[in-house]
>>> print(open('structure-v1.txt').read())   # compact mmCIF, C-alpha atoms
# COMPACT_ATOMS: atom_id res chain seq x y z
CA MET A 779 7.43 14.69 12.22
CA ASP A 780 11.13 15.44 11.71
CA ASP A 781 12.42 13.15 8.98
CA GLU A 782 16.02 13.65 10.07
CA THR A 783 15.35 12.08 13.47
CA PHE A 784 12.70 9.56 12.42
CA ASP A 785 14.85 6.44 12.27
CA ALA A 786 14.18 2.75 12.81
CA ALA A 787 13.81 3.23 16.58
CA ALA A 788 11.28 6.00 16.06
CA PHE A 789 9.34 3.82 13.64
CA GLN A 790 9.26 0.94 16.10
CA ALA A 791 8.06 3.22 18.89
CA ILE A 792 5.21 4.73 16.87
CA SER A 793 4.13 1.55 15.07
CA GLY A 794 4.53 -0.96 17.87
CA ALA A 795 6.51 -3.28 15.59
CA SER A 796 7.96 -6.37 17.22
CA SER A 797 11.63 -7.30 16.99
CA THR A 798 10.73 -9.92 14.36
CA GLU A 799 8.84 -7.37 12.28
CA MET A 800 11.72 -4.91 12.55
CA ALA A 801 14.12 -7.59 11.35
CA ASP A 802 11.86 -8.21 8.34
CA LEU A 803 11.69 -4.49 7.59
CA HIS A 804 15.48 -4.12 7.75
CA ALA A 805 15.80 -7.09 5.39
CA TYR A 806 13.19 -5.58 3.05
CA LYS A 807 15.07 -2.29 2.98
CA ALA A 808 18.27 -4.15 2.12
CA LEU A 809 16.51 -5.99 -0.73
CA ILE A 810 15.30 -2.68 -2.16
CA GLY A 811 18.89 -1.46 -2.17
CA GLN A 812 20.18 -4.61 -3.85
CA TRP A 813 17.51 -4.81 -6.53
CA GLY A 814 17.22 -1.08 -7.01
CA GLU A 815 20.81 -0.82 -8.19
CA ARG A 816 20.22 -3.43 -10.91
CA MET A 817 16.81 -2.46 -12.25
CA ASN A 818 16.02 1.14 -11.31
CA LEU A 819 13.26 -0.16 -9.05
CA VAL A 820 12.70 2.92 -6.88
CA GLY A 821 13.83 6.49 -6.45
CA PRO A 822 16.58 7.45 -3.97
CA SER A 823 14.08 8.44 -1.26
CA ALA A 824 13.04 4.80 -0.85
CA LEU A 825 16.23 4.26 1.15
CA THR A 826 17.10 7.71 2.49
CA GLN A 827 13.56 8.24 3.82
CA PHE A 828 12.58 4.61 4.23
CA TRP A 829 11.28 4.82 7.79
CA PRO A 830 9.15 8.02 7.80
CA ARG A 831 8.04 8.34 4.18
CA HIS A 832 7.64 4.73 3.16
CA ALA A 833 7.49 2.25 6.05
CA TRP A 834 5.40 4.43 8.37
CA ASP A 835 3.29 5.84 5.55
CA SER A 836 2.38 2.23 4.72
CA ALA A 837 2.03 0.76 8.21
CA GLN A 838 -0.41 3.43 9.43
CA LEU A 839 -3.12 1.83 7.28
CA LEU A 840 -3.35 -1.14 9.64
CA ASP A 841 -4.94 1.00 12.34
CA LEU A 842 -7.77 1.85 9.93
CA ALA A 843 -8.59 -1.81 9.27
CA PRO A 844 -7.53 -3.59 12.46
CA THR A 845 -9.42 -6.87 11.90
CA GLN A 846 -9.29 -7.24 8.11
CA ARG A 847 -7.12 -10.02 6.75
CA VAL A 848 -7.48 -10.02 2.96
CA TRP A 849 -5.89 -7.01 1.29
CA ALA A 850 -4.96 -5.99 -2.25
CA ASP A 851 -2.33 -3.39 -3.16
CA VAL A 852 -2.97 -1.99 -6.65
CA GLY A 853 0.06 -0.79 -8.58
CA ALA A 854 2.24 -2.44 -5.96
CA GLY A 855 5.54 -1.23 -7.43
CA ALA A 856 8.35 -1.89 -4.97
CA GLY A 857 5.92 -2.97 -2.27
CA PHE A 858 4.68 0.21 -0.59
CA PRO A 859 2.33 -0.29 1.12
CA GLY A 860 1.71 -3.96 0.30
CA LEU A 861 4.90 -5.64 1.51
CA VAL A 862 5.01 -3.51 4.65
CA LEU A 863 1.43 -4.53 5.42
CA ALA A 864 2.29 -8.19 4.81
CA ILE A 865 5.16 -8.02 7.30
CA PHE A 866 2.71 -6.99 10.01
CA LEU A 867 -0.12 -9.23 8.84
CA LYS A 868 2.02 -12.35 9.26
CA ARG A 869 0.93 -12.31 12.89
CA ARG A 870 -2.77 -12.53 11.92
CA PRO A 871 -3.73 -16.12 11.01
CA GLY A 872 -5.41 -16.39 7.63
CA SER A 873 -4.06 -13.10 6.33
CA VAL A 874 -2.97 -12.54 2.74
CA VAL A 875 -1.91 -9.49 0.74
CA HIS A 876 -2.49 -9.59 -3.01
CA LEU A 877 0.06 -7.46 -4.86
CA VAL A 878 -1.30 -6.35 -8.24
CA GLU A 879 1.38 -5.05 -10.60
CA SER A 880 1.40 -4.92 -14.41
CA ILE A 881 5.18 -4.48 -14.86
CA THR A 882 6.89 -7.88 -14.91
CA LYS A 883 10.28 -6.84 -13.52
CA ARG A 884 8.61 -5.35 -10.47
CA CYS A 885 6.67 -8.57 -9.99
CA ARG A 886 9.94 -10.49 -9.94
CA PHE A 887 11.16 -8.29 -7.10
CA LEU A 888 7.89 -8.62 -5.17
CA GLU A 889 7.98 -12.41 -5.49
CA ALA A 890 11.62 -12.57 -4.39
CA ALA A 891 11.00 -10.33 -1.38
CA ALA A 892 7.91 -12.27 -0.34
CA GLU A 893 9.78 -15.58 -0.62
CA THR A 894 12.85 -14.32 1.25
CA LEU A 895 10.76 -12.88 4.10
CA ARG A 896 8.18 -15.70 4.04
CA LEU A 897 5.30 -13.29 3.71
CA PRO A 898 1.61 -14.12 3.16
CA VAL A 899 1.62 -12.64 -0.34
CA VAL A 900 0.19 -13.49 -3.76
CA VAL A 901 1.64 -11.56 -6.70
CA HIS A 902 -0.60 -10.87 -9.71
CA ASN A 903 1.26 -9.80 -12.86
CA ALA A 904 -1.86 -8.17 -14.28
CA ARG A 905 -3.86 -5.00 -14.56
CA ALA A 906 -6.08 -4.30 -11.57
CA GLU A 907 -9.29 -3.91 -13.59
CA HIS A 908 -8.80 -7.45 -14.90
CA THR A 909 -8.06 -8.98 -11.50
CA ARG A 910 -10.65 -10.74 -9.33
CA ILE A 911 -9.89 -11.74 -5.75
CA GLU A 912 -12.25 -13.80 -3.61
CA GLY A 913 -12.99 -12.59 -0.10
CA LEU A 914 -11.24 -9.26 -0.57
CA GLU A 915 -11.75 -6.87 2.36
CA VAL A 916 -9.46 -3.89 1.69
CA VAL A 917 -8.02 -2.41 -1.51
CA THR A 918 -5.18 0.06 -1.20
CA ALA A 919 -2.96 2.04 -3.56
CA ARG A 920 -0.18 4.59 -3.28
CA ALA A 921 1.01 6.91 -6.06
CA CYS A 922 -0.92 4.80 -8.54
CA ALA A 923 -3.20 7.20 -10.46
CA PRO A 924 -5.56 10.18 -9.98
CA MET A 925 -8.82 9.26 -8.26
CA VAL A 926 -10.91 9.31 -11.44
CA ARG A 927 -8.67 6.63 -13.00
CA LEU A 928 -7.96 4.77 -9.77
CA LEU A 929 -11.66 4.18 -9.15
CA GLY A 930 -11.90 2.60 -12.59
CA PHE A 931 -9.05 0.26 -11.71
CA VAL A 932 -10.48 -0.85 -8.35
CA GLU A 933 -14.25 -0.78 -8.92
CA PRO A 934 -14.40 -4.39 -10.21
CA MET A 935 -12.35 -5.58 -7.21
CA MET A 936 -14.59 -3.77 -4.70
CA ARG A 937 -17.94 -5.09 -5.92
CA GLY A 938 -17.99 -7.75 -3.21
CA GLY A 939 -18.00 -5.14 -0.45
CA ALA A 940 -14.32 -4.34 0.02
CA GLU A 941 -13.43 -0.82 1.11
CA GLY A 942 -10.66 1.33 -0.31
CA LEU A 943 -7.83 2.97 1.65
CA PHE A 944 -5.87 5.14 -0.76
CA LEU A 945 -2.76 7.14 0.16
CA LYS A 946 -2.99 10.58 -1.45
CA GLY A 947 -1.32 13.99 -1.33
CA ARG A 948 -2.41 17.58 -0.81
CA ASP A 949 -4.54 17.81 -3.95
CA VAL A 950 -6.85 14.96 -3.03
CA GLU A 951 -9.98 17.13 -2.64
CA ALA A 952 -9.61 18.35 -6.23
CA GLU A 953 -9.12 14.73 -7.35
CA ILE A 954 -12.30 13.70 -5.58
CA GLN A 955 -14.31 16.50 -7.17
CA GLN A 956 -13.03 15.51 -10.60
CA ALA A 957 -13.89 11.86 -9.95
CA LEU A 958 -17.47 12.74 -8.95
CA ALA A 959 -18.17 13.70 -12.56
CA SER A 960 -17.77 10.02 -13.51
CA TRP A 961 -18.41 8.09 -10.30
CA ARG A 962 -20.72 7.96 -7.30
CA PHE A 963 -18.98 6.92 -4.10
CA THR A 964 -18.60 7.78 -0.43
CA ALA A 965 -15.25 9.17 0.64
CA GLU A 966 -13.85 10.01 4.05
CA LEU A 967 -10.62 12.02 4.28
CA ILE A 968 -8.25 10.97 7.07
CA PRO A 969 -5.08 13.05 7.62
CA SER A 970 -1.95 10.99 7.09
CA ARG A 971 0.14 10.47 10.20
CA SER A 972 3.31 10.45 8.12
CA GLY A 973 3.10 14.20 7.53
CA GLU A 974 3.56 16.63 4.65
CA GLY A 975 -0.13 17.27 4.17
CA GLY A 976 -0.88 13.77 2.98
CA ASN A 977 -4.28 12.14 3.28
CA ILE A 978 -5.83 8.70 3.31
CA VAL A 979 -9.09 8.42 1.38
CA LYS A 980 -11.47 5.82 2.72
CA VAL A 981 -13.81 4.86 -0.11
CA LYS A 982 -16.95 2.74 -0.19
CA ARG A 983 -19.76 1.91 -2.64
CA ILE A 984 -18.39 2.83 -6.06
CA ASN A 985 -20.78 3.11 -9.01
CA ARG A 986 -20.48 4.71 -12.42
CA VAL A 987 -22.56 7.82 -13.06
>>> encode(input="structure-v1.txt", output="structure tokens")
Amino acid sequence: MDDETFDAAAFQAISGASSTEMADLHAYKALIGQWGERMNLVGPSALTQFWPRHAWDSAQLLDLAPTQRVWADVGAGAGFPGLVLAIFLKRRPGSVVHLVESITKRCRFLEAAAETLRLPVVVHNARAEHTRIEGLEVVTARACAPMVRLLGFVEPMMRGGAEGLFLKGRDVEAEIQQALASWRFTAELIPSRSGEGGNIVKVKRINRV
């Protein structure tokens, strides 16, 4: 993927986004710019590489859980991948994305974005390990923590049978090996379609050693 040519049109072509979804994504990008200037919400790449590195990196998860409707994004930050997922999940009746974020100012942004875009979102200003969500099907996280810590955050949320889809970088195999000293779990590595050696870790059945 060539980031310099991967623009909004390229994103729409690869993701299959509708015109309504593209309008929501453009509005979301604008909100990031507006809020980011006031509160140091995200780094500069959130806008300069919005389509390949953030929007597409997030949206690709939907193909790995095409029928699931109840998601949680742990360490939601500025909304990658949670708000992007919610924009697409609006078309699935009964869908909801729970955004779990411990930093209050980020929660204010997430709530404002969800309200502006009328997204099926619930914001939890809390730590993930203290959060319980009924009917949860998928837990996701991006740039949240190394696997050994991340599994501790999400294990209570996944006890009801939810699976994990975690966006990770090149060093994910080393992270998994480290985590196996403390946890027992099944993990499938799926190459990220957004490039740069990234991976998606599909996790099931977490138990402490």
>>> residues_around(input="structure-v1.txt", residues="stretch 846-856 of chain A", least_positions_apart="4", cutoff="8 Å", atoms="only C-alpha atoms", output="number ranges by chain")
A: 810, 819-820, 860, 867, 870, 872-880, 884-885, 887-888, 906, 913-920, 922, 932
>>> residues_around(input="structure-v1.txt", residues="A:Gly947", least_positions_apart="5", cutoff="12 Å", atoms="all atoms listed in the file", output="list in words")
Asp835, Arg920, Ala921, Cys922, Ala923, Pro924, Met925, Ala952, Glu953, Ile954, Leu967, Ile968, Pro969, Ser970, Ser972, Gly973, Glu974, Gly975, Gly976, Asn977, Ile978 and Val979 of chain A
>>> residues_around(input="structure-v1.txt", residues="A:Trp961", least_positions_apart="2", cutoff="9 Å", atoms="only C-alpha atoms", output="list of chain:residue names")
A:Val926, A:Leu929, A:Gly930, A:Ala957, A:Leu958, A:Ala959, A:Phe963, A:Ile984, A:Asn985, A:Arg986, A:Val987
>>> closest_residue(input="structure-v1.txt", among="A:Ala904, A:Leu943, A:Leu863, A:Val950", to="A:Leu842", atoms="all atoms listed in the file")
A:Leu943
>>> atom_distance(input="structure-v1.txt", atom1="atom CA of A:Ile865", atom2="atom CA of A:Asp802")
6.8 Å
>>> residues_near_point(input="structure-v1.txt", point="(6.5, 1.2, 17.4)", cutoff="12 Å", atoms="all atoms listed in the file", output="list in words")
Phe784, Asp785, Ala786, Ala787, Ala788, Phe789, Gln790, Ala791, Ile792, Ser793, Gly794, Ala795, Ser796, Ser797, Glu799, Met800, Trp829, Ala833, Trp834, Ala837, Gln838 and Phe866 of chain A
>>> closest_residue(input="structure-v1.txt", among="A:Glu933, A:Glu815, A:Glu893, A:Asp841", to="A:Arg983", atoms="all atoms listed in the file")
A:Glu933
>>> atom_distance(input="structure-v1.txt", atom1="atom CA of A:Thr882", atom2="atom CA of A:Lys982")
30.0 Å
>>> atom_distance(input="structure-v1.txt", atom1="atom CA of A:Ala801", atom2="atom CA of A:Ala843")
23.5 Å
>>> closest_residue(input="structure-v1.txt", among="A:His902, A:Arg910, A:Leu803, A:Pro822", to="A:Arg886", atoms="only C-alpha atoms")
A:His902
>>> closest_residue(input="structure-v1.txt", among="A:Ala965, A:Val862, A:Ile911, A:Met936", to="A:Pro898", atoms="only C-alpha atoms")
A:Val862
>>> closest_residue(input="structure-v1.txt", among="A:Arg937, A:Arg831, A:Leu861, A:Gln955", to="A:Thr909", atoms="all atoms listed in the file")
A:Arg937
